[in-house]
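Shown next: start.csv, containing CSV, C-alpha atoms and all ligand atoms.
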```csv
chain,number,residue,atom,x,y,z
A,1,MET,CA,0.0,0.0,0.0
A,2,THR,CA,1.3,3.4,-1.0
A,3,SER,CA,0.7,6.5,1.0
A,4,ILE,CA,1.2,8.7,-2.0
A,5,GLN,CA,-2.1,10.1,-3.1
A,6,ALA,CA,-2.7,12.1,-6.3
A,7,LYS,CA,-5.0,15.0,-6.1
A,8,THR,CA,-6.3,17.6,-8.5
A,9,ILE,CA,-6.4,21.1,-7.3
A,10,THR,CA,-7.8,24.2,-8.9
A,11,CYS,CA,-5.8,27.4,-8.9
A,12,PRO,CA,-7.8,30.1,-7.1
A,13,HIS,CA,-6.1,32.7,-9.2
A,14,CYS,CA,-6.6,31.4,-12.8
A,15,GLY,CA,-8.7,28.3,-12.4
A,16,HIS,CA,-6.0,26.1,-13.8
A,17,HIS,CA,-6.2,22.4,-12.8
A,18,THR,CA,-3.0,21.1,-11.4
A,19,HIS,CA,-2.1,17.5,-10.4
A,20,ILE,CA,-0.2,17.2,-7.2
A,21,GLU,CA,1.1,14.2,-5.3
A,22,LEU,CA,0.9,14.1,-1.5
A,23,ASP,CA,2.5,11.8,1.0
A,24,ALA,CA,-0.3,11.0,3.3
A,25,SER,CA,2.1,9.4,5.8
A,26,ASN,CA,3.2,12.8,6.8
A,27,GLY,CA,-0.2,13.6,8.1
A,28,ASP,CA,-1.4,17.2,8.0
A,29,GLN,CA,0.7,19.6,6.0
A,30,ASN,CA,0.7,23.3,5.4
A,31,TYR,CA,2.9,24.6,2.6
A,32,TYR,CA,3.2,27.0,-0.3
A,33,ASP,CA,3.4,26.0,-3.9
A,34,GLU,CA,3.4,27.8,-7.2
A,35,CYS,CA,0.8,27.5,-9.9
A,36,THR,CA,2.3,26.0,-13.0
A,37,ASN,CA,0.1,28.1,-15.2
A,38,CYS,CA,0.1,31.6,-13.7
A,39,CYS,CA,3.0,31.3,-11.3
A,40,GLN,CA,1.1,32.8,-8.4
A,41,GLU,CA,1.4,31.5,-4.9
A,42,LEU,CA,-0.9,28.7,-3.7
A,43,HIS,CA,-1.3,28.0,0.0
A,44,LEU,CA,-2.0,24.3,0.4
A,45,VAL,CA,-3.3,22.8,3.5
A,46,THR,CA,-3.8,19.1,3.7
A,47,HIS,CA,-5.7,17.2,6.3
A,48,LEU,CA,-5.6,13.4,6.8
A,49,ASP,CA,-8.7,11.9,8.2
A,50,GLU,CA,-7.4,8.6,9.6
A,51,VAL,CA,-10.8,7.2,10.4
A,52,LYS,CA,-12.1,7.6,6.8
A,53,ASP,CA,-8.6,7.2,5.3
A,54,LYS,CA,-9.4,10.3,3.3
A,55,LEU,CA,-7.0,13.1,2.4
A,56,THR,CA,-8.6,16.6,2.1
A,57,VAL,CA,-6.8,19.4,0.4
A,58,VAL,CA,-7.6,23.0,0.8
A,59,VAL,CA,-6.2,25.6,-1.6
A,60,ASP,CA,-6.2,29.0,0.0
A,61,ALA,CA,-5.5,32.2,-1.8
A,62,ASP,CA,-5.6,34.0,1.5
A,63,ASP,CA,-9.1,35.4,0.9
A,64,GLU,CA,-10.9,32.4,-0.6
A,65,GLN,CA,-11.1,28.7,0.0
A,66,TYR,CA,-11.6,25.9,-2.4
A,67,TYR,CA,-12.1,22.2,-1.6
B,101,ZN,ZN,-2.9,29.8,-11.6
```
What's the structure tokens form of this structure?
Amino acid sequence: MTSIQAKTITCPHCGHHTHIELDASNGDQNYYDECTNCCQELHLVTHLDEVKDKLTVVVDADDEQYY
């Protein structure tokens, strides 16, 4: 079983869909990445629900939230 999960996120700046891979074994993460399309900063917050074994990713542009 791999702990790497592929997710698709939507850039809150330009709406571009970006594939990311997350290591769920690290648990909750909070980091910044750059949109490959518009190069603006993305604030990524991941939350691992161990009960449901579900990884939730929130993309925050500091004033909006997308799930
Ligand atoms: Zn973008």
Kindly give the distance, in Å, that separates CA of Gln40 in chain A and CA of Ile4 in chain A, rounded to a single decimal.
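Rounded to one decimal, the two atoms are 24.9 Å apart.
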Atomic separation - CA of Tyr31 in chain A relative to CA of Leu44 in chain A, Å: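 Taking CA of Leu44 in chain A and CA of Tyr31 in chain A, their separation equals 5.4 Å.
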Inset, instruction - Rank A:Cys11, A:Ile20, A:His43, A:Asn30 by their smallest atom-to-atom distance to ligand ZN 101 (chain B), using only C-alpha atoms and all ligand atoms, and report the top residue only. - result: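 Between A:Cys11, A:Ile20, A:His43, A:Asn30, the residue approaching ligand ZN 101 (chain B) most closely is A:Cys11.
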Correct to one decimal, the distance CA of Ser25 in chain A-CA of Leu55 in chain A is 10.4 Å
Counting all atoms listed in the file, what are the residues, protein, DNA or RNA alike, that approach ligand ZN 101 (chain B) to within 7 Å? I want them as an MDAnalysis selection string.
chainID A and resid 11:16 35:40
Would you kindly return, as a JSON list (two decimals) with C-alpha atoms, in the frame of the given file, each protein, DNA or RNA residue with an atom no farther than 10 Å from any atom of Lys54 in chain A, considering all atoms listed in the file and excluding same-chain residues fewer than 5 positions away?
```
[["chain", "number", "residue", "atom", "x", "y", "z"],
["A", 5, "GLN", "CA", -2.10, 10.10, -3.10],
["A", 24, "ALA", "CA", -0.30, 11.00, 3.30],
["A", 47, "HIS", "CA", -5.70, 17.20, 6.30],
["A", 48, "LEU", "CA", -5.60, 13.40, 6.80],
["A", 49, "ASP", "CA", -8.70, 11.90, 8.20]]
```
